[in-house]
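Student: Questions regarding the structure given below will be posed in turn.
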Amino acid sequence: MSKLIKRTVLLGAVAASGAAAFYLTADTDTQMEIASSTGPLLRMLDPELSHVIGIQAAARGLLPRDTRPDPPSLHTKVFGLDFPNPLGLAAGFDKNAEAVAGLMGLGFGFVEVGSITPRPQPGNPPPRVFRIPELKATINRYGFNNLGADAVQDHLAEFKKKVLQDPSIKRGPLGVNLGKNKSSKDAAQDYCIGLTRLAQHADYLVVNVSSPNTPGLRALQGRKELEALVKQVKGTRDRMLWGPSGPPPLLIKVAPDLSEPDKRDIAAVALSCGVDGLIVSNTTIQRPGKVAEFPAAQEAGGLSGPPLFELSTSVLSDMYRLTGGRLPLVGCGGVSSGEDAYRKIRAGASLVQLYTAFAYEGPTLIPRVKRELAECLARDGFRSVAEAVGADHPDIRGGSGAGTHKARRSWFRWW
């Protein structure tokens, strides 16, 4: 029996070694397929554990690295930054900036880390992530669980060192998403602390006032509260010492669950206070359509995935209209195909983010979405992403849309 066990272990080791050798020498598409094929196994595990495994795989260089150039039509410039393609990974996946190089290597045009709070916090008690696999949707109530600004600062500094050694690993811009600690009484102070510690590592910054999982956070989207917050955070950024290219752009991430007056107020504050852009949107507390039929719908938290797409895209379109196309928008919520990304762009997005679809489909999703998006642009006669931004608003575009903003800052200021 002992000999049989040893033989079995040996054969398993040989098989694993052979599989690893095959994976490492395979072409990019094959590596993507192999990596994505682990998805069904991971989805047999607890959702949060699956998330942790995915982060660790990316951090340890176990995911494919796609070095193939993107179609020229996907290259775009927003906030004065060059993006090889407009498809980004939304905040929430790599909360602590542990796997930036591995995630950028998958072919994303940009990666956003966070949300990051000044002090470490555990977030809400588990279980706090719930799948609805029939709809490829997720409900989460993580609650800004993260290691805190000091630890993330170390991780970003380490990433910067790697980029100095090999600039190719930084495929596109890096965004840093800031949050507030649950126990903090002064939200603006928290955002200013996070900005002070992390801005030097960011190509753009995001003030997240829209997570449904931190009590009172969404109240900061009110006109008076948002205006005071933006002025204080922006003032902190502008008082810091910057090089010739100036400070990183400052964006606000908003919720999809907004009334018409809320939308008007946010647009007015963003324009009057000089915000550089908006991310539209975060997860929703609504349970639209068939979502309500599933037991997970009874769980508190934010819904993401395809059921969020129509709501978030409608709000995106409204914000483009209310800002008159003068403010770059990032479309986020329910994107799982190139057609979805294209609809976001036509609605007014200069850039697009996804997260939940990546968790369900794995690395193969990224080249597929980019390929489909390029096909959508060509089909409708657009030579570039910028030409298509706001195409559903012909009365507004007229050459002044977000895609035509002049470059105000140099590419990769920190490198």
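Just remember, in the structure tokens the first chain shown is A, the second B, etc., residues are 1-based per chain, and ligands are 1-based in the order shown.
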Give me, as a Markdown table, each residue of stretch 300-354 of chain A that comes within 6 Å of stretch 127-140 of chain A, together with its shortest interatomic pair and the distance in Å at one decimal, counting only C-alpha atoms, with rows ordered by chain and rising residue number.
Tutor:
```
| residue | atom | partner | partner_atom | distance |
| --- | --- | --- | --- | --- |
| A:Gly301 | CA | A:Asn140 | CA | 5.1 |
| A:Gly302 | CA | A:Ile139 | CA | 5.3 |
| A:Leu303 | CA | A:Ile139 | CA | 4.5 |
| A:Ser304 | CA | A:Thr138 | CA | 5.4 |
| A:Gly305 | CA | A:Ala137 | CA | 4.4 |
```
Student: Using DSSP on the backbone coordinates, identify all residues within stretch 62-274 of chain A classified as strand (DSSP E or B); present the result as a ChimeraX atom specification.
Tutor: /A:76-78,81-83,87-89,110-116,121,129-132,137-140,146,174-178,204-208,250-254
Student: Leaving out stretch 89-103 of chain A and any residue of its chain fewer than 5 positions from it, which residues lie within 7 Å of it when counting only C-alpha atoms, given as a PyMOL selection string?
Tutor: chain A and resi 55+58-59+61+63+108+110-116+146-147+152+155-156+169-170+177+353-355
Student: Could you tell me, as an mmCIF file with N, CA and C atoms, in the first residue's frame, which residues of stretch 86-194 of chain A DSSP assigns to helix (DSSP H, G or I) when given the backbone?
Tutor:
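Now in selection.cif:
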```
data_model
loop_
_atom_site.group_PDB
_atom_site.id
_atom_site.type_symbol
_atom_site.label_atom_id
_atom_site.label_comp_id
_atom_site.auth_asym_id
_atom_site.auth_seq_id
_atom_site.Cartn_x
_atom_site.Cartn_y
_atom_site.Cartn_z
ATOM 1 N N VAL A 100 -0.775 44.333 -8.934
ATOM 2 C CA VAL A 100 -0.919 45.274 -10.040
ATOM 3 C C VAL A 100 -0.223 44.783 -11.303
ATOM 4 N N ALA A 101 1.020 44.323 -11.162
ATOM 5 C CA ALA A 101 1.770 43.891 -12.344
ATOM 6 C C ALA A 101 1.086 42.721 -13.037
ATOM 7 N N GLY A 102 0.648 41.731 -12.261
ATOM 8 C CA GLY A 102 -0.012 40.572 -12.842
ATOM 9 C C GLY A 102 -1.317 40.916 -13.519
ATOM 10 N N LEU A 103 -2.066 41.859 -12.958
ATOM 11 C CA LEU A 103 -3.358 42.248 -13.533
ATOM 12 C C LEU A 103 -3.168 43.094 -14.790
ATOM 13 N N MET A 104 -2.212 44.008 -14.754
ATOM 14 C CA MET A 104 -1.938 44.786 -15.964
ATOM 15 C C MET A 104 -1.462 43.884 -17.090
ATOM 16 N N PRO A 133 -25.128 32.834 -9.759
ATOM 17 C CA PRO A 133 -24.459 32.355 -10.981
ATOM 18 C C PRO A 133 -25.367 32.310 -12.193
ATOM 19 N N GLU A 134 -26.667 32.098 -11.973
ATOM 20 C CA GLU A 134 -27.598 32.046 -13.100
ATOM 21 C C GLU A 134 -27.618 33.366 -13.881
ATOM 22 N N LEU A 135 -27.318 34.469 -13.185
ATOM 23 C CA LEU A 135 -27.310 35.785 -13.816
ATOM 24 C C LEU A 135 -25.892 36.341 -13.943
ATOM 25 N N ALA A 149 -3.595 52.652 4.423
ATOM 26 C CA ALA A 149 -2.784 53.438 3.496
ATOM 27 C C ALA A 149 -1.295 53.158 3.612
ATOM 28 N N ASP A 150 -0.796 52.918 4.814
ATOM 29 C CA ASP A 150 0.642 52.697 4.972
ATOM 30 C C ASP A 150 1.089 51.425 4.254
ATOM 31 N N ALA A 151 0.333 50.328 4.453
ATOM 32 C CA ALA A 151 0.691 49.069 3.807
ATOM 33 C C ALA A 151 0.572 49.174 2.289
ATOM 34 N N VAL A 152 -0.488 49.821 1.827
ATOM 35 C CA VAL A 152 -0.674 49.959 0.383
ATOM 36 C C VAL A 152 0.405 50.855 -0.219
ATOM 37 N N GLN A 153 0.808 51.865 0.530
ATOM 38 C CA GLN A 153 1.899 52.716 0.069
ATOM 39 C C GLN A 153 3.165 51.891 -0.173
ATOM 40 N N ASP A 154 3.435 50.962 0.726
ATOM 41 C CA ASP A 154 4.594 50.080 0.546
ATOM 42 C C ASP A 154 4.446 49.213 -0.701
ATOM 43 N N HIS A 155 3.234 48.687 -0.917
ATOM 44 C CA HIS A 155 3.009 47.849 -2.086
ATOM 45 C C HIS A 155 3.192 48.649 -3.377
ATOM 46 N N LEU A 156 2.701 49.876 -3.397
ATOM 47 C CA LEU A 156 2.824 50.706 -4.593
ATOM 48 C C LEU A 156 4.271 51.122 -4.830
ATOM 49 N N ALA A 157 5.001 51.360 -3.755
ATOM 50 C CA ALA A 157 6.416 51.698 -3.895
ATOM 51 C C ALA A 157 7.189 50.509 -4.469
ATOM 52 N N GLU A 158 6.825 49.309 -4.051
ATOM 53 C CA GLU A 158 7.468 48.114 -4.578
ATOM 54 C C GLU A 158 7.138 47.934 -6.061
ATOM 55 N N PHE A 159 5.899 48.216 -6.432
ATOM 56 C CA PHE A 159 5.523 48.138 -7.842
ATOM 57 C C PHE A 159 6.323 49.146 -8.656
ATOM 58 N N LYS A 160 6.523 50.337 -8.107
ATOM 59 C CA LYS A 160 7.292 51.356 -8.816
ATOM 60 C C LYS A 160 8.721 50.881 -9.076
ATOM 61 N N LYS A 161 9.311 50.204 -8.097
ATOM 62 C CA LYS A 161 10.663 49.662 -8.273
ATOM 63 C C LYS A 161 10.702 48.652 -9.413
ATOM 64 N N LYS A 162 9.672 47.799 -9.477
ATOM 65 C CA LYS A 162 9.612 46.801 -10.544
ATOM 66 C C LYS A 162 9.505 47.472 -11.917
ATOM 67 N N VAL A 163 8.743 48.563 -11.971
ATOM 68 C CA VAL A 163 8.576 49.261 -13.243
ATOM 69 C C VAL A 163 9.886 49.908 -13.690
ATOM 70 N N LEU A 164 10.646 50.421 -12.741
ATOM 71 C CA LEU A 164 11.939 51.004 -13.085
ATOM 72 C C LEU A 164 12.864 49.949 -13.689
ATOM 73 N N GLN A 165 12.740 48.700 -13.219
ATOM 74 C CA GLN A 165 13.551 47.612 -13.741
ATOM 75 C C GLN A 165 13.021 47.097 -15.074
ATOM 76 N N PRO A 167 9.995 48.579 -17.487
ATOM 77 C CA PRO A 167 8.866 49.478 -17.765
ATOM 78 C C PRO A 167 7.692 48.807 -18.473
ATOM 79 N N SER A 168 7.928 47.695 -19.149
ATOM 80 C CA SER A 168 6.854 47.063 -19.913
ATOM 81 C C SER A 168 5.742 46.493 -19.037
ATOM 82 N N ILE A 169 6.020 46.292 -17.741
ATOM 83 C CA ILE A 169 4.978 45.707 -16.890
ATOM 84 C C ILE A 169 3.895 46.726 -16.558
ATOM 85 N N ALA A 187 -15.019 62.610 7.361
ATOM 86 C CA ALA A 187 -14.758 61.912 6.102
ATOM 87 C C ALA A 187 -13.721 62.639 5.261
ATOM 88 N N ALA A 188 -13.824 63.953 5.173
ATOM 89 C CA ALA A 188 -12.891 64.709 4.339
ATOM 90 C C ALA A 188 -11.456 64.513 4.802
ATOM 91 N N GLN A 189 -11.262 64.493 6.107
ATOM 92 C CA GLN A 189 -9.920 64.282 6.635
ATOM 93 C C GLN A 189 -9.371 62.924 6.203
ATOM 94 N N ASP A 190 -10.220 61.893 6.223
ATOM 95 C CA ASP A 190 -9.779 60.565 5.795
ATOM 96 C C ASP A 190 -9.326 60.572 4.338
ATOM 97 N N TYR A 191 -10.123 61.201 3.468
ATOM 98 C CA TYR A 191 -9.758 61.246 2.056
ATOM 99 C C TYR A 191 -8.459 62.027 1.851
ATOM 100 N N CYS A 192 -8.296 63.093 2.630
ATOM 101 C CA CYS A 192 -7.070 63.899 2.511
ATOM 102 C C CYS A 192 -5.851 63.127 2.987
ATOM 103 N N ILE A 193 -6.009 62.333 4.048
ATOM 104 C CA ILE A 193 -4.894 61.499 4.525
ATOM 105 C C ILE A 193 -4.512 60.480 3.460
ATOM 106 N N GLY A 194 -5.509 59.807 2.914
ATOM 107 C CA GLY A 194 -5.238 58.826 1.869
ATOM 108 C C GLY A 194 -4.560 59.452 0.672
#
```
Student: So which one's closest to A:Asp392, A:Lys180, A:Lys234, A:Lys344, A:His201? Using only C-alpha atoms, please.
Tutor: A:Lys344
Student: For A:Leu365, which of A:Arg68, A:Asn213, A:Leu106, A:Asn181 is the closest residue, counting only C-alpha atoms?
Tutor: A:Leu106
Student: Go through A:Glu48, A:Asp203, A:Glu375, A:Glu227 and flag the residue nearest A:Ser337, using only C-alpha atoms for the distances.
Tutor: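 Among the listed residues, the smallest separation from A:Ser337 belongs to A:Glu375.
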Student: What's around stretch 266-275 of chain A at 9 Å? Count only C-alpha atoms, leave out sequence neighbours fewer than 5 positions away in its own chain, and write the answer as a VMD selection string.
Tutor: chain A and resid 221 to 224 226 to 227 230 to 231 234 249 to 252 254 261 319 to 320 322 to 323 326 to 327
Student: Counting only C-alpha atoms, what is within 8 Å of A:Ala349, bar same-chain residues fewer than 3 positions away, as an MDAnalysis selection string?
Tutor: chainID A and resid 316 320 328:331 344:346 352 389:390 402
Student: For the selection you just gave me, I'd like the residues written to a file as a tab-separated table (two decimals), in the first residue's frame, keeping N, CA, C and O atoms.
Tutor:
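Output contents, as saved in result.tsv:
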```
chain	number	residue	atom	x	y	z
A	316	LEU	N	-25.18	56.95	-16.43
A	316	LEU	CA	-24.03	57.45	-17.19
A	316	LEU	C	-24.48	58.42	-18.29
A	316	LEU	O	-23.91	59.52	-18.45
A	320	TYR	N	-23.59	62.47	-18.62
A	320	TYR	CA	-22.99	63.06	-19.82
A	320	TYR	C	-23.83	64.25	-20.28
A	320	TYR	O	-23.29	65.32	-20.61
A	328	PRO	N	-14.79	64.17	-18.60
A	328	PRO	CA	-14.58	62.75	-18.92
A	328	PRO	C	-15.30	61.85	-17.93
A	328	PRO	O	-15.26	62.08	-16.72
A	329	LEU	N	-15.97	60.84	-18.45
A	329	LEU	CA	-16.70	59.89	-17.63
A	329	LEU	C	-16.12	58.49	-17.83
A	329	LEU	O	-15.71	58.13	-18.92
A	330	VAL	N	-16.12	57.72	-16.74
A	330	VAL	CA	-15.72	56.32	-16.80
A	330	VAL	C	-16.97	55.48	-16.56
A	330	VAL	O	-17.61	55.60	-15.52
A	331	GLY	N	-17.32	54.65	-17.52
A	331	GLY	CA	-18.52	53.83	-17.42
A	331	GLY	C	-18.22	52.51	-16.74
A	331	GLY	O	-17.35	51.76	-17.18
A	344	LYS	N	-21.60	51.73	-23.44
A	344	LYS	CA	-21.16	52.71	-22.44
A	344	LYS	C	-20.49	53.91	-23.11
A	344	LYS	O	-20.73	55.07	-22.74
A	345	ILE	N	-19.64	53.63	-24.08
A	345	ILE	CA	-18.92	54.69	-24.77
A	345	ILE	C	-19.89	55.59	-25.53
A	345	ILE	O	-19.82	56.83	-25.44
A	346	ARG	N	-20.82	55.01	-26.24
A	346	ARG	CA	-21.82	55.81	-26.96
A	346	ARG	C	-22.66	56.64	-26.00
A	346	ARG	O	-23.10	57.74	-26.33
A	352	VAL	N	-13.95	52.56	-19.83
A	352	VAL	CA	-14.91	51.57	-19.32
A	352	VAL	C	-14.20	50.66	-18.33
A	352	VAL	O	-13.04	50.30	-18.53
A	389	VAL	N	-17.28	58.52	-28.38
A	389	VAL	CA	-17.74	58.96	-27.06
A	389	VAL	C	-18.94	59.90	-27.20
A	389	VAL	O	-18.89	60.90	-27.89
A	390	GLY	N	-20.03	59.52	-26.55
A	390	GLY	CA	-21.23	60.36	-26.58
A	390	GLY	C	-21.99	60.33	-27.88
A	390	GLY	O	-22.80	61.23	-28.14
A	402	ALA	N	-15.92	64.38	-24.11
A	402	ALA	CA	-14.83	64.03	-23.21
A	402	ALA	C	-13.64	63.45	-23.97
A	402	ALA	O	-12.50	63.59	-23.55
```
Student: Just give me the gap between atom CA of A:Ile53 and atom CA of A:Gly107 in Å, one decimal is fine.
Tutor: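 Going from atom CA of A:Ile53 over to atom CA of A:Gly107 covers 19.7 Å.
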Student: Excluding same-chain residues fewer than 5 positions from A:Arg218, what lies within 10 Å of it counting only C-alpha atoms, as a PyMOL selection string?
Tutor: chain A and resi 208-213+226+254-255+257-258
Student: Write a file of the just-selected residues containing all heavy atoms, as a compact mmCIF listing (two decimals), in the first residue's frame.
Tutor:
```
# COMPACT_ATOMS: atom_id res chain seq x y z
N ASN A 208 -14.18 57.78 -3.46
CA ASN A 208 -15.34 56.88 -3.48
C ASN A 208 -16.35 57.32 -2.42
O ASN A 208 -16.13 57.13 -1.23
CB ASN A 208 -14.88 55.45 -3.23
CG ASN A 208 -16.00 54.44 -3.37
OD1 ASN A 208 -17.17 54.79 -3.51
ND2 ASN A 208 -15.65 53.16 -3.31
N VAL A 209 -17.44 57.90 -2.87
CA VAL A 209 -18.51 58.34 -1.95
C VAL A 209 -19.79 57.55 -2.21
O VAL A 209 -20.88 58.00 -1.86
CB VAL A 209 -18.78 59.85 -2.09
CG1 VAL A 209 -17.60 60.66 -1.59
CG2 VAL A 209 -19.12 60.23 -3.54
N SER A 210 -19.64 56.36 -2.80
CA SER A 210 -20.84 55.68 -3.30
C SER A 210 -20.97 54.22 -2.91
O SER A 210 -21.92 53.56 -3.34
CB SER A 210 -20.89 55.80 -4.82
OG SER A 210 -19.68 55.35 -5.40
N SER A 211 -20.05 53.68 -2.12
CA SER A 211 -20.24 52.30 -1.67
C SER A 211 -21.46 52.23 -0.76
O SER A 211 -21.64 53.06 0.13
CB SER A 211 -19.00 51.82 -0.89
OG SER A 211 -19.28 50.59 -0.26
N PRO A 212 -22.31 51.21 -0.97
CA PRO A 212 -23.49 51.08 -0.11
C PRO A 212 -23.18 50.37 1.21
O PRO A 212 -24.08 50.17 2.02
CB PRO A 212 -24.44 50.25 -0.96
CG PRO A 212 -23.53 49.37 -1.76
CD PRO A 212 -22.31 50.22 -2.06
N ASN A 213 -21.91 49.99 1.41
CA ASN A 213 -21.56 49.13 2.54
C ASN A 213 -20.86 49.84 3.68
O ASN A 213 -20.40 49.20 4.63
CB ASN A 213 -20.70 47.97 2.03
CG ASN A 213 -21.40 47.16 0.96
OD1 ASN A 213 -22.58 46.85 1.09
ND2 ASN A 213 -20.69 46.85 -0.11
N LEU A 226 -20.98 67.22 -0.79
CA LEU A 226 -20.02 66.91 -1.84
C LEU A 226 -19.16 68.12 -2.18
O LEU A 226 -17.94 67.98 -2.37
CB LEU A 226 -20.75 66.42 -3.09
CG LEU A 226 -19.86 65.92 -4.24
CD1 LEU A 226 -19.02 64.73 -3.80
CD2 LEU A 226 -20.70 65.55 -5.46
N VAL A 254 -19.61 57.70 -8.22
CA VAL A 254 -20.97 57.92 -7.75
C VAL A 254 -21.81 56.65 -7.86
O VAL A 254 -21.46 55.71 -8.55
CB VAL A 254 -21.65 59.08 -8.51
CG1 VAL A 254 -20.84 60.36 -8.37
CG2 VAL A 254 -21.82 58.73 -9.99
N ALA A 255 -22.93 56.67 -7.17
CA ALA A 255 -23.85 55.53 -7.12
C ALA A 255 -24.80 55.55 -8.31
O ALA A 255 -25.03 56.60 -8.93
CB ALA A 255 -24.64 55.56 -5.82
N ASP A 257 -27.93 54.70 -7.77
CA ASP A 257 -29.22 54.91 -7.10
C ASP A 257 -29.41 56.39 -6.78
O ASP A 257 -29.44 56.80 -5.61
CB ASP A 257 -29.29 54.06 -5.83
CG ASP A 257 -28.87 52.62 -6.09
OD1 ASP A 257 -29.51 51.98 -6.94
OD2 ASP A 257 -27.92 52.16 -5.44
N LEU A 258 -29.51 57.20 -7.83
CA LEU A 258 -29.59 58.65 -7.67
C LEU A 258 -30.91 59.18 -8.20
O LEU A 258 -31.40 58.74 -9.26
CB LEU A 258 -28.44 59.33 -8.43
CG LEU A 258 -27.01 59.00 -7.98
CD1 LEU A 258 -26.02 59.58 -8.98
CD2 LEU A 258 -26.75 59.53 -6.58
```
Student: Between A:Ala341, A:Leu45, A:Ile34, A:Val385, which one has atoms that come closest to A:His75, using only C-alpha atoms?
Tutor: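 Between A:Ala341, A:Leu45, A:Ile34, A:Val385, the residue approaching A:His75 most closely is A:Val385.
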Student: Do you have the atom CA of A:Phe358-atom CA of A:Ser336 distance handy?
Tutor: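 Interatomic distance, atom CA of A:Phe358 to atom CA of A:Ser336: 7.9 Å.
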Student: Out of A:Pro72, A:Ala35, A:Gly338, A:Leu81, which residue has the shortest atom-to-atom distance to A:Ser245 when counting only C-alpha atoms?
Tutor: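 Using only C-alpha atoms, the shortest distance to A:Ser245 belongs to A:Leu81.
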Student: Quick one: distance from atom CA of A:Leu311 to atom CA of A:Val280 in Å, one decimal?
Tutor: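 Separation between atom CA of A:Leu311 and atom CA of A:Val280: 10.3 Å.
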